[in-house]
>>> print(open('model.txt').read())   # compact mmCIF, N, CA, C and O atoms
# COMPACT_ATOMS: atom_id res chain seq x y z
N MET A 1 13.21 10.64 2.33
CA MET A 1 13.05 11.41 3.53
C MET A 1 14.09 10.93 4.52
O MET A 1 14.16 9.75 4.81
N THR A 2 14.89 11.81 5.02
CA THR A 2 15.90 11.42 5.99
C THR A 2 15.62 12.09 7.32
O THR A 2 15.02 13.16 7.39
N HIS A 3 16.04 11.44 8.35
CA HIS A 3 15.88 11.94 9.70
C HIS A 3 17.23 11.86 10.39
O HIS A 3 18.07 11.03 10.04
N PRO A 4 17.47 12.68 11.41
CA PRO A 4 18.73 12.59 12.14
C PRO A 4 18.97 11.17 12.63
O PRO A 4 18.08 10.53 13.17
N GLY A 5 20.17 10.68 12.39
CA GLY A 5 20.52 9.34 12.83
C GLY A 5 20.22 8.26 11.82
O GLY A 5 20.57 7.11 12.02
N ASP A 6 19.53 8.59 10.72
CA ASP A 6 19.26 7.59 9.70
C ASP A 6 20.55 7.16 9.04
O ASP A 6 21.40 7.97 8.74
N ARG A 7 20.65 5.86 8.79
CA ARG A 7 21.84 5.35 8.11
C ARG A 7 21.46 4.55 6.88
O ARG A 7 22.26 3.81 6.36
N GLY A 8 20.24 4.65 6.43
CA GLY A 8 19.84 3.93 5.23
C GLY A 8 19.47 2.49 5.53
O GLY A 8 19.38 2.07 6.68
N ALA A 9 19.29 1.70 4.46
CA ALA A 9 18.83 0.32 4.61
C ALA A 9 19.86 -0.58 5.28
O ALA A 9 19.52 -1.53 5.93
N SER A 10 21.15 -0.25 5.14
CA SER A 10 22.16 -1.12 5.73
C SER A 10 22.44 -0.79 7.18
O SER A 10 22.95 -1.62 7.92
N GLY A 11 22.12 0.42 7.63
CA GLY A 11 22.35 0.80 9.02
C GLY A 11 21.09 0.63 9.83
O GLY A 11 19.99 0.79 9.34
N ALA A 12 21.22 0.32 11.06
CA ALA A 12 20.07 -0.01 11.90
C ALA A 12 19.06 1.12 12.07
O ALA A 12 17.88 0.89 11.90
N PRO A 13 19.44 2.37 12.41
CA PRO A 13 18.41 3.38 12.67
C PRO A 13 17.49 3.65 11.48
O PRO A 13 16.28 3.72 11.65
N GLY A 14 18.02 3.79 10.27
CA GLY A 14 17.17 4.03 9.11
C GLY A 14 16.25 2.87 8.82
O GLY A 14 15.08 3.04 8.51
N ALA A 15 16.79 1.65 8.93
CA ALA A 15 16.00 0.46 8.68
C ALA A 15 14.91 0.31 9.74
O ALA A 15 13.78 -0.07 9.44
N GLN A 16 15.23 0.63 10.99
CA GLN A 16 14.23 0.55 12.05
C GLN A 16 13.11 1.55 11.81
O GLN A 16 11.94 1.25 12.04
N HIS A 17 13.47 2.76 11.35
CA HIS A 17 12.47 3.78 11.07
C HIS A 17 11.53 3.31 9.96
O HIS A 17 10.32 3.45 10.08
N LEU A 18 12.08 2.73 8.90
CA LEU A 18 11.26 2.21 7.81
C LEU A 18 10.38 1.08 8.31
O LEU A 18 9.18 1.04 8.02
N ASP A 19 10.96 0.17 9.06
CA ASP A 19 10.17 -0.96 9.60
C ASP A 19 9.03 -0.47 10.49
O ASP A 19 7.93 -1.01 10.46
N TYR A 20 9.30 0.56 11.30
CA TYR A 20 8.27 1.14 12.17
C TYR A 20 7.13 1.71 11.33
O TYR A 20 5.96 1.48 11.63
N ARG A 21 7.47 2.46 10.29
CA ARG A 21 6.43 3.07 9.45
C ARG A 21 5.62 2.01 8.71
O ARG A 21 4.40 2.13 8.57
N VAL A 22 6.28 0.95 8.23
CA VAL A 22 5.58 -0.14 7.56
C VAL A 22 4.65 -0.85 8.54
O VAL A 22 3.49 -1.14 8.21
N ALA A 23 5.12 -1.11 9.75
CA ALA A 23 4.29 -1.76 10.76
C ALA A 23 3.08 -0.89 11.12
O ALA A 23 1.96 -1.40 11.28
N HIS A 24 3.29 0.42 11.21
CA HIS A 24 2.19 1.32 11.51
C HIS A 24 1.16 1.30 10.39
O HIS A 24 -0.05 1.28 10.65
N LEU A 25 1.61 1.26 9.14
CA LEU A 25 0.69 1.17 8.00
C LEU A 25 -0.09 -0.13 8.06
O LEU A 25 -1.31 -0.14 7.88
N ARG A 26 0.58 -1.24 8.34
CA ARG A 26 -0.11 -2.54 8.45
C ARG A 26 -1.19 -2.49 9.52
O ARG A 26 -2.31 -2.97 9.32
N ASP A 27 -0.86 -1.90 10.68
CA ASP A 27 -1.83 -1.79 11.77
C ASP A 27 -3.03 -0.95 11.35
O ASP A 27 -4.17 -1.29 11.65
N ARG A 28 -2.77 0.15 10.66
CA ARG A 28 -3.85 1.04 10.23
C ARG A 28 -4.76 0.34 9.22
O ARG A 28 -5.99 0.44 9.31
N LEU A 29 -4.17 -0.39 8.28
CA LEU A 29 -4.99 -1.12 7.30
C LEU A 29 -5.78 -2.24 7.98
O LEU A 29 -6.95 -2.44 7.67
N ALA A 30 -5.16 -2.96 8.91
CA ALA A 30 -5.83 -4.07 9.58
C ALA A 30 -6.92 -3.60 10.53
O ALA A 30 -7.92 -4.29 10.73
N GLY A 31 -6.76 -2.41 11.12
CA GLY A 31 -7.72 -1.93 12.10
C GLY A 31 -8.93 -1.24 11.51
O GLY A 31 -9.92 -1.04 12.20
N GLY A 32 -8.90 -0.91 10.26
CA GLY A 32 -10.00 -0.19 9.64
C GLY A 32 -10.92 -1.13 8.88
O GLY A 32 -10.82 -2.35 8.97
N PRO A 33 -11.82 -0.54 8.11
CA PRO A 33 -12.78 -1.35 7.35
C PRO A 33 -12.12 -2.19 6.26
O PRO A 33 -12.73 -3.09 5.71
N LEU A 34 -10.85 -1.92 5.95
CA LEU A 34 -10.15 -2.68 4.92
C LEU A 34 -9.41 -3.88 5.50
O LEU A 34 -8.70 -4.58 4.79
N GLY A 35 -9.56 -4.12 6.79
CA GLY A 35 -8.77 -5.10 7.52
C GLY A 35 -8.83 -6.53 7.02
O GLY A 35 -7.89 -7.28 7.18
N GLU A 36 -9.93 -6.93 6.44
CA GLU A 36 -10.03 -8.32 6.04
C GLU A 36 -9.46 -8.59 4.66
O GLU A 36 -9.47 -9.71 4.19
N LEU A 37 -8.92 -7.59 4.01
CA LEU A 37 -8.34 -7.77 2.69
C LEU A 37 -6.96 -8.39 2.78
O LEU A 37 -6.25 -8.22 3.75
N GLY A 38 -6.57 -9.08 1.73
CA GLY A 38 -5.25 -9.70 1.69
C GLY A 38 -4.21 -8.78 1.09
O GLY A 38 -3.55 -9.14 0.13
N VAL A 39 -4.04 -7.61 1.67
CA VAL A 39 -3.06 -6.66 1.18
C VAL A 39 -1.78 -6.85 1.98
O VAL A 39 -1.80 -6.88 3.21
N ARG A 40 -0.66 -7.00 1.27
CA ARG A 40 0.64 -7.18 1.92
C ARG A 40 1.46 -5.92 1.77
O ARG A 40 1.47 -5.29 0.71
N VAL A 41 2.19 -5.58 2.82
CA VAL A 41 3.08 -4.41 2.81
C VAL A 41 4.45 -4.91 3.23
O VAL A 41 4.60 -5.47 4.32
N GLU A 42 5.46 -4.71 2.36
CA GLU A 42 6.80 -5.20 2.64
C GLU A 42 7.83 -4.11 2.37
O GLU A 42 7.74 -3.41 1.36
N ALA A 43 8.81 -4.01 3.26
CA ALA A 43 9.96 -3.13 3.01
C ALA A 43 10.92 -3.88 2.11
O ALA A 43 11.24 -5.04 2.37
N ARG A 44 11.34 -3.23 1.04
CA ARG A 44 12.29 -3.80 0.09
C ARG A 44 13.41 -2.81 -0.11
O ARG A 44 13.28 -1.88 -0.90
N GLY A 45 14.48 -2.97 0.63
CA GLY A 45 15.58 -2.01 0.58
C GLY A 45 15.10 -0.68 1.13
O GLY A 45 14.60 -0.61 2.24
N ASP A 46 15.23 0.37 0.33
CA ASP A 46 14.77 1.70 0.74
C ASP A 46 13.36 2.00 0.27
O ASP A 46 12.87 3.11 0.43
N ALA A 47 12.70 1.02 -0.35
CA ALA A 47 11.35 1.22 -0.88
C ALA A 47 10.37 0.29 -0.16
O ALA A 47 10.75 -0.58 0.61
N VAL A 48 9.09 0.52 -0.44
CA VAL A 48 8.02 -0.30 0.15
C VAL A 48 7.17 -0.83 -0.99
O VAL A 48 6.83 -0.11 -1.94
N LEU A 49 6.82 -2.12 -0.90
CA LEU A 49 5.98 -2.77 -1.89
C LEU A 49 4.63 -3.10 -1.26
O LEU A 49 4.58 -3.72 -0.20
N VAL A 50 3.56 -2.66 -1.92
CA VAL A 50 2.18 -2.93 -1.47
C VAL A 50 1.52 -3.77 -2.54
O VAL A 50 1.41 -3.35 -3.69
N THR A 51 1.11 -4.99 -2.19
CA THR A 51 0.51 -5.90 -3.15
C THR A 51 -0.77 -6.51 -2.60
O THR A 51 -1.00 -6.51 -1.39
N GLY A 52 -1.58 -7.05 -3.50
CA GLY A 52 -2.77 -7.76 -3.08
C GLY A 52 -3.92 -7.56 -4.03
O GLY A 52 -3.81 -6.85 -5.04
N CYS A 53 -5.03 -8.19 -3.70
CA CYS A 53 -6.26 -8.09 -4.48
C CYS A 53 -7.30 -7.36 -3.64
O CYS A 53 -7.43 -7.62 -2.45
N VAL A 54 -8.02 -6.46 -4.29
CA VAL A 54 -9.05 -5.68 -3.62
C VAL A 54 -10.35 -5.79 -4.43
O VAL A 54 -10.32 -6.03 -5.63
N PRO A 55 -11.50 -5.63 -3.78
CA PRO A 55 -12.77 -5.86 -4.46
C PRO A 55 -13.24 -4.74 -5.38
O PRO A 55 -14.13 -4.96 -6.20
N SER A 56 -12.68 -3.54 -5.26
CA SER A 56 -13.18 -2.43 -6.08
C SER A 56 -12.12 -1.36 -6.27
O SER A 56 -11.13 -1.30 -5.53
N THR A 57 -12.36 -0.50 -7.25
CA THR A 57 -11.44 0.61 -7.47
C THR A 57 -11.48 1.59 -6.30
O THR A 57 -10.46 2.18 -5.96
N ARG A 58 -12.64 1.75 -5.69
CA ARG A 58 -12.74 2.64 -4.53
C ARG A 58 -11.86 2.13 -3.38
O ARG A 58 -11.16 2.89 -2.73
N CYS A 59 -11.90 0.83 -3.15
CA CYS A 59 -11.07 0.23 -2.11
C CYS A 59 -9.59 0.43 -2.45
O CYS A 59 -8.79 0.80 -1.57
N ARG A 60 -9.21 0.21 -3.70
CA ARG A 60 -7.82 0.43 -4.12
C ARG A 60 -7.41 1.88 -3.89
O ARG A 60 -6.33 2.16 -3.37
N ASP A 61 -8.29 2.80 -4.25
CA ASP A 61 -7.99 4.22 -4.06
C ASP A 61 -7.87 4.58 -2.57
O ASP A 61 -7.01 5.37 -2.20
N ASP A 62 -8.72 3.99 -1.73
CA ASP A 62 -8.63 4.22 -0.29
C ASP A 62 -7.30 3.72 0.27
O ASP A 62 -6.66 4.40 1.07
N ILE A 63 -6.88 2.56 -0.17
CA ILE A 63 -5.61 2.01 0.30
C ILE A 63 -4.46 2.88 -0.18
O ILE A 63 -3.55 3.20 0.60
N ARG A 64 -4.48 3.31 -1.42
CA ARG A 64 -3.42 4.18 -1.93
C ARG A 64 -3.35 5.49 -1.14
O ARG A 64 -2.27 5.99 -0.85
N ARG A 65 -4.50 6.04 -0.78
CA ARG A 65 -4.53 7.28 0.00
C ARG A 65 -3.88 7.06 1.37
O ARG A 65 -3.05 7.85 1.81
N ILE A 66 -4.25 5.98 2.02
CA ILE A 66 -3.68 5.67 3.34
C ILE A 66 -2.17 5.44 3.23
O ILE A 66 -1.40 5.92 4.06
N VAL A 67 -1.74 4.74 2.19
CA VAL A 67 -0.31 4.50 1.98
C VAL A 67 0.42 5.82 1.80
O VAL A 67 1.48 6.04 2.39
N ARG A 68 -0.13 6.73 0.99
CA ARG A 68 0.50 8.04 0.78
C ARG A 68 0.61 8.80 2.09
O ARG A 68 1.62 9.44 2.36
N GLU A 69 -0.43 8.75 2.92
CA GLU A 69 -0.42 9.45 4.20
C GLU A 69 0.65 8.88 5.14
O GLU A 69 1.39 9.63 5.77
N GLU A 70 0.72 7.57 5.23
CA GLU A 70 1.62 6.92 6.19
C GLU A 70 3.08 6.89 5.72
O GLU A 70 3.98 6.90 6.54
N LEU A 71 3.29 6.81 4.42
CA LEU A 71 4.65 6.63 3.91
C LEU A 71 5.12 7.81 3.06
O LEU A 71 5.94 7.64 2.15
N ALA A 72 4.62 9.00 3.36
CA ALA A 72 5.02 10.20 2.61
C ALA A 72 6.54 10.33 2.63
O ALA A 72 7.18 10.13 3.66
N GLY A 73 7.10 10.62 1.47
CA GLY A 73 8.54 10.81 1.36
C GLY A 73 9.31 9.54 1.03
O GLY A 73 10.51 9.60 0.79
N LEU A 74 8.65 8.40 1.02
CA LEU A 74 9.31 7.14 0.69
C LEU A 74 8.93 6.70 -0.72
O LEU A 74 7.87 7.07 -1.24
N VAL A 75 9.77 5.88 -1.32
CA VAL A 75 9.45 5.27 -2.61
C VAL A 75 8.52 4.09 -2.33
O VAL A 75 8.85 3.20 -1.55
N VAL A 76 7.33 4.12 -2.96
CA VAL A 76 6.34 3.07 -2.75
C VAL A 76 5.90 2.54 -4.11
O VAL A 76 5.60 3.32 -5.02
N HIS A 77 5.87 1.23 -4.23
CA HIS A 77 5.37 0.57 -5.44
C HIS A 77 4.08 -0.14 -5.06
O HIS A 77 4.08 -1.02 -4.20
N CYS A 78 2.96 0.25 -5.70
CA CYS A 78 1.66 -0.37 -5.42
C CYS A 78 1.29 -1.29 -6.58
O CYS A 78 1.26 -0.86 -7.74
N ASP A 79 1.02 -2.52 -6.26
CA ASP A 79 0.55 -3.49 -7.25
C ASP A 79 -0.72 -4.11 -6.69
O ASP A 79 -0.72 -5.23 -6.20
N LEU A 80 -1.80 -3.32 -6.72
CA LEU A 80 -3.09 -3.75 -6.20
C LEU A 80 -4.00 -4.10 -7.38
O LEU A 80 -4.24 -3.27 -8.25
N VAL A 81 -4.51 -5.32 -7.39
CA VAL A 81 -5.35 -5.81 -8.47
C VAL A 81 -6.80 -5.73 -8.03
O VAL A 81 -7.17 -6.19 -6.95
N VAL A 82 -7.65 -5.14 -8.88
CA VAL A 82 -9.08 -5.04 -8.60
C VAL A 82 -9.75 -6.30 -9.13
O VAL A 82 -9.62 -6.63 -10.30
N THR A 83 -10.48 -6.98 -8.25
CA THR A 83 -11.15 -8.22 -8.63
C THR A 83 -12.66 -8.03 -8.64
O THR A 83 -13.40 -8.81 -8.05
N ASP A 84 -13.11 -6.98 -9.27
CA ASP A 84 -14.53 -6.65 -9.34
C ASP A 84 -15.28 -7.78 -10.02
O ASP A 84 -14.95 -8.17 -11.14
N THR A 85 -16.29 -8.33 -9.36
CA THR A 85 -17.04 -9.46 -9.90
C THR A 85 -18.42 -9.06 -10.39
O THR A 85 -19.25 -9.92 -10.67
N SER A 86 -18.67 -7.76 -10.50
CA SER A 86 -19.99 -7.33 -10.98
C SER A 86 -20.10 -7.56 -12.48
O SER A 86 -19.11 -7.69 -13.19
N SER A 87 -21.31 -7.62 -12.95
CA SER A 87 -21.56 -7.82 -14.37
C SER A 87 -21.17 -6.57 -15.14
O SER A 87 -21.33 -5.44 -14.66
N PRO A 88 -20.67 -6.74 -16.36
CA PRO A 88 -20.32 -5.57 -17.17
C PRO A 88 -21.58 -4.77 -17.52
O PRO A 88 -22.67 -5.34 -17.64
N ASP A 89 -21.42 -3.47 -17.69
CA ASP A 89 -22.56 -2.64 -18.03
C ASP A 89 -22.74 -2.47 -19.52
O ASP A 89 -23.64 -1.76 -19.97
N HIS A 90 -21.88 -3.10 -20.32
CA HIS A 90 -22.01 -3.03 -21.77
C HIS A 90 -21.38 -4.30 -22.37
O HIS A 90 -20.63 -5.01 -21.73
N ALA A 91 -21.77 -4.57 -23.63
CA ALA A 91 -21.24 -5.76 -24.31
C ALA A 91 -19.79 -5.53 -24.70
O ALA A 91 -19.37 -4.42 -25.04
N GLU A 92 -19.02 -6.60 -24.63
CA GLU A 92 -17.61 -6.54 -25.05
C GLU A 92 -17.52 -6.76 -26.55
O GLU A 92 -18.13 -7.67 -27.09
N ASP A 93 -16.77 -5.91 -27.23
CA ASP A 93 -16.63 -5.99 -28.68
C ASP A 93 -15.37 -6.78 -28.99
O ASP A 93 -14.25 -6.32 -28.73
N LEU A 94 -15.53 -7.99 -29.51
CA LEU A 94 -14.40 -8.84 -29.88
C LEU A 94 -14.21 -8.76 -31.38
O LEU A 94 -15.03 -9.24 -32.15
N THR A 95 -13.12 -8.17 -31.80
CA THR A 95 -12.88 -8.06 -33.25
C THR A 95 -11.61 -8.76 -33.64
O THR A 95 -10.74 -9.02 -32.89
>>> encode(input="model.txt", output="structure tokens")
Amino acid sequence: MTHPGDRGASGAPGAQHLDYRVAHLRDRLAGGPLGELGVRVEARGDAVLVTGCVPSTRCRDDIRRIVREELAGLVVHCDLVVTDTSSPDHAEDLT
């Protein structure tokens, strides 16, 4: 997604725009019910990396939805690990 005056990752206006959008995403994640999670959002060149551990698939899906809303048009790599600690609902078959 380009905007008038954008110069990409090496030029200041494009980089500032990306940094602004990343900061806005961080604020939105921190201000909502997901705020206490250890999710990191980093600008990496022209892309954004979202990493961390979340307690459930629903939480992961909520974060992905918010990321899509805030960073539409950007390349985003999500590496969110679900650390569900509930008991399994069936026996594991080890063969």
>>> atom_distance(input="model.txt", atom1="atom C of Val82 (chain A)", atom2="atom O of Arg64 (chain A)")
16.6 Å
>>> atom_distance(input="model.txt", atom1="atom N of Gly73 (chain A)", atom2="atom N of Ala23 (chain A)")
14.5 Å
>>> select_by_dssp(input="model.txt", residues="chain A", states="helix (DSSP H, G or I)", output="ChimeraX atom specification")
/A:12-31,57-70
>>> atom_distance(input="model.txt", atom1="CA of Pro55 (chain A)", atom2="CA of Val67 (chain A)")
17.4 Å
>>> select_by_dssp(input="model.txt", residues="region 7-52 of chain A", states="strand (DSSP E)", output="number ranges by chain")
A: 40-44, 47-52
>>> residues_near_point(input="model.txt", point="(-5.5, 1.9, 1.9)", cutoff="12 Å", atoms="only C-alpha atoms", output="number ranges by chain")
A: 25-41, 50-54, 56-71, 78, 80
>>> residues_around(input="model.txt", residues="region 42-46 of chain A", least_positions_apart="2", cutoff="7 Å", atoms="only N, CA, C and O atoms", output="short mmCIF file (atom, residue, chain, number, x, y, z; two decimals) with N, CA, C and O atoms, in the coordinates of the input")
data_model
loop_
_atom_site.label_atom_id
_atom_site.label_comp_id
_atom_site.auth_asym_id
_atom_site.auth_seq_id
_atom_site.Cartn_x
_atom_site.Cartn_y
_atom_site.Cartn_z
N GLY A 8 20.24 4.65 6.43
CA GLY A 8 19.84 3.93 5.23
C GLY A 8 19.47 2.49 5.53
O GLY A 8 19.38 2.07 6.68
N ALA A 9 19.29 1.70 4.46
CA ALA A 9 18.83 0.32 4.61
C ALA A 9 19.86 -0.58 5.28
O ALA A 9 19.52 -1.53 5.93
N ALA A 15 16.79 1.65 8.93
CA ALA A 15 16.00 0.46 8.68
C ALA A 15 14.91 0.31 9.74
O ALA A 15 13.78 -0.07 9.44
N LEU A 18 12.08 2.73 8.90
CA LEU A 18 11.26 2.21 7.81
C LEU A 18 10.38 1.08 8.31
O LEU A 18 9.18 1.04 8.02
N ASP A 19 10.96 0.17 9.06
CA ASP A 19 10.17 -0.96 9.60
C ASP A 19 9.03 -0.47 10.49
O ASP A 19 7.93 -1.01 10.46
N VAL A 22 6.28 0.95 8.23
CA VAL A 22 5.58 -0.14 7.56
C VAL A 22 4.65 -0.85 8.54
O VAL A 22 3.49 -1.14 8.21
N ARG A 40 -0.66 -7.00 1.27
CA ARG A 40 0.64 -7.18 1.92
C ARG A 40 1.46 -5.92 1.77
O ARG A 40 1.47 -5.29 0.71
N VAL A 48 9.09 0.52 -0.44
CA VAL A 48 8.02 -0.30 0.15
C VAL A 48 7.17 -0.83 -0.99
O VAL A 48 6.83 -0.11 -1.94
N LEU A 49 6.82 -2.12 -0.90
CA LEU A 49 5.98 -2.77 -1.89
C LEU A 49 4.63 -3.10 -1.26
O LEU A 49 4.58 -3.72 -0.20
N VAL A 50 3.56 -2.66 -1.92
CA VAL A 50 2.18 -2.93 -1.47
C VAL A 50 1.52 -3.77 -2.54
O VAL A 50 1.41 -3.35 -3.69
N THR A 51 1.11 -4.99 -2.19
CA THR A 51 0.51 -5.90 -3.15
C THR A 51 -0.77 -6.51 -2.60
O THR A 51 -1.00 -6.51 -1.39
N GLY A 73 7.10 10.62 1.47
CA GLY A 73 8.54 10.81 1.36
C GLY A 73 9.31 9.54 1.03
O GLY A 73 10.51 9.60 0.79
N LEU A 74 8.65 8.40 1.02
CA LEU A 74 9.31 7.14 0.69
C LEU A 74 8.93 6.70 -0.72
O LEU A 74 7.87 7.07 -1.24
N VAL A 75 9.77 5.88 -1.32
CA VAL A 75 9.45 5.27 -2.61
C VAL A 75 8.52 4.09 -2.33
O VAL A 75 8.85 3.20 -1.55
N VAL A 76 7.33 4.12 -2.96
CA VAL A 76 6.34 3.07 -2.75
C VAL A 76 5.90 2.54 -4.11
O VAL A 76 5.60 3.32 -5.02
#
>>> build_atoms(input="model.txt", residues="region 48-57 of chain A", atoms="all heavy atoms", output="PDB file, keeping the file's coordinate frame")
ATOM      1  N   VAL A  48       9.090   0.520  -0.440  1.00  0.00           N
ATOM      2  CA  VAL A  48       8.020  -0.300   0.150  1.00  0.00           C
ATOM      3  C   VAL A  48       7.170  -0.830  -0.990  1.00  0.00           C
ATOM      4  O   VAL A  48       6.830  -0.110  -1.940  1.00  0.00           O
ATOM      5  CB  VAL A  48       7.161   0.534   1.125  1.00  0.00           C
ATOM      6  CG1 VAL A  48       6.018  -0.304   1.687  1.00  0.00           C
ATOM      7  CG2 VAL A  48       8.014   1.103   2.257  1.00  0.00           C
ATOM      8  N   LEU A  49       6.820  -2.120  -0.900  1.00  0.00           N
ATOM      9  CA  LEU A  49       5.980  -2.770  -1.890  1.00  0.00           C
ATOM     10  C   LEU A  49       4.630  -3.100  -1.260  1.00  0.00           C
ATOM     11  O   LEU A  49       4.580  -3.720  -0.200  1.00  0.00           O
ATOM     12  CB  LEU A  49       6.656  -4.053  -2.386  1.00  0.00           C
ATOM     13  CG  LEU A  49       5.890  -4.907  -3.376  1.00  0.00           C
ATOM     14  CD1 LEU A  49       5.658  -4.139  -4.679  1.00  0.00           C
ATOM     15  CD2 LEU A  49       6.641  -6.196  -3.648  1.00  0.00           C
ATOM     16  N   VAL A  50       3.560  -2.660  -1.920  1.00  0.00           N
ATOM     17  CA  VAL A  50       2.180  -2.930  -1.470  1.00  0.00           C
ATOM     18  C   VAL A  50       1.520  -3.770  -2.540  1.00  0.00           C
ATOM     19  O   VAL A  50       1.410  -3.350  -3.690  1.00  0.00           O
ATOM     20  CB  VAL A  50       1.397  -1.616  -1.244  1.00  0.00           C
ATOM     21  CG1 VAL A  50      -0.014  -1.922  -0.768  1.00  0.00           C
ATOM     22  CG2 VAL A  50       2.121  -0.707  -0.259  1.00  0.00           C
ATOM     23  N   THR A  51       1.110  -4.990  -2.190  1.00  0.00           N
ATOM     24  CA  THR A  51       0.510  -5.900  -3.150  1.00  0.00           C
ATOM     25  C   THR A  51      -0.770  -6.510  -2.600  1.00  0.00           C
ATOM     26  O   THR A  51      -1.000  -6.510  -1.390  1.00  0.00           O
ATOM     27  CB  THR A  51       1.481  -7.054  -3.498  1.00  0.00           C
ATOM     28  OG1 THR A  51       1.802  -7.775  -2.307  1.00  0.00           O
ATOM     29  CG2 THR A  51       2.755  -6.547  -4.145  1.00  0.00           C
ATOM     30  N   GLY A  52      -1.580  -7.050  -3.500  1.00  0.00           N
ATOM     31  CA  GLY A  52      -2.770  -7.760  -3.080  1.00  0.00           C
ATOM     32  C   GLY A  52      -3.920  -7.560  -4.030  1.00  0.00           C
ATOM     33  O   GLY A  52      -3.810  -6.850  -5.040  1.00  0.00           O
ATOM     34  N   CYS A  53      -5.030  -8.190  -3.700  1.00  0.00           N
ATOM     35  CA  CYS A  53      -6.260  -8.090  -4.480  1.00  0.00           C
ATOM     36  C   CYS A  53      -7.300  -7.360  -3.640  1.00  0.00           C
ATOM     37  O   CYS A  53      -7.430  -7.620  -2.450  1.00  0.00           O
ATOM     38  CB  CYS A  53      -6.782  -9.471  -4.839  1.00  0.00           C
ATOM     39  SG  CYS A  53      -5.676 -10.389  -5.923  1.00  0.00           S
ATOM     40  N   VAL A  54      -8.020  -6.460  -4.290  1.00  0.00           N
ATOM     41  CA  VAL A  54      -9.050  -5.680  -3.620  1.00  0.00           C
ATOM     42  C   VAL A  54     -10.350  -5.790  -4.430  1.00  0.00           C
ATOM     43  O   VAL A  54     -10.320  -6.030  -5.630  1.00  0.00           O
ATOM     44  CB  VAL A  54      -8.631  -4.201  -3.456  1.00  0.00           C
ATOM     45  CG1 VAL A  54      -7.425  -4.096  -2.539  1.00  0.00           C
ATOM     46  CG2 VAL A  54      -8.321  -3.559  -4.785  1.00  0.00           C
ATOM     47  N   PRO A  55     -11.500  -5.630  -3.780  1.00  0.00           N
ATOM     48  CA  PRO A  55     -12.770  -5.860  -4.460  1.00  0.00           C
ATOM     49  C   PRO A  55     -13.240  -4.740  -5.380  1.00  0.00           C
ATOM     50  O   PRO A  55     -14.130  -4.960  -6.200  1.00  0.00           O
ATOM     51  CB  PRO A  55     -13.758  -6.045  -3.298  1.00  0.00           C
ATOM     52  CG  PRO A  55     -13.157  -5.303  -2.160  1.00  0.00           C
ATOM     53  CD  PRO A  55     -11.678  -5.420  -2.335  1.00  0.00           C
ATOM     54  N   SER A  56     -12.680  -3.540  -5.260  1.00  0.00           N
ATOM     55  CA  SER A  56     -13.180  -2.430  -6.080  1.00  0.00           C
ATOM     56  C   SER A  56     -12.120  -1.360  -6.270  1.00  0.00           C
ATOM     57  O   SER A  56     -11.130  -1.300  -5.530  1.00  0.00           O
ATOM     58  CB  SER A  56     -14.408  -1.788  -5.412  1.00  0.00           C
ATOM     59  OG  SER A  56     -14.014  -1.136  -4.217  1.00  0.00           O
ATOM     60  N   THR A  57     -12.360  -0.500  -7.250  1.00  0.00           N
ATOM     61  CA  THR A  57     -11.440   0.610  -7.470  1.00  0.00           C
ATOM     62  C   THR A  57     -11.480   1.590  -6.300  1.00  0.00           C
ATOM     63  O   THR A  57     -10.460   2.180  -5.960  1.00  0.00           O
ATOM     64  CB  THR A  57     -11.743   1.349  -8.789  1.00  0.00           C
ATOM     65  OG1 THR A  57     -13.093   1.782  -8.784  1.00  0.00           O
ATOM     66  CG2 THR A  57     -11.476   0.467  -9.988  1.00  0.00           C
TER      67      THR A  57
END
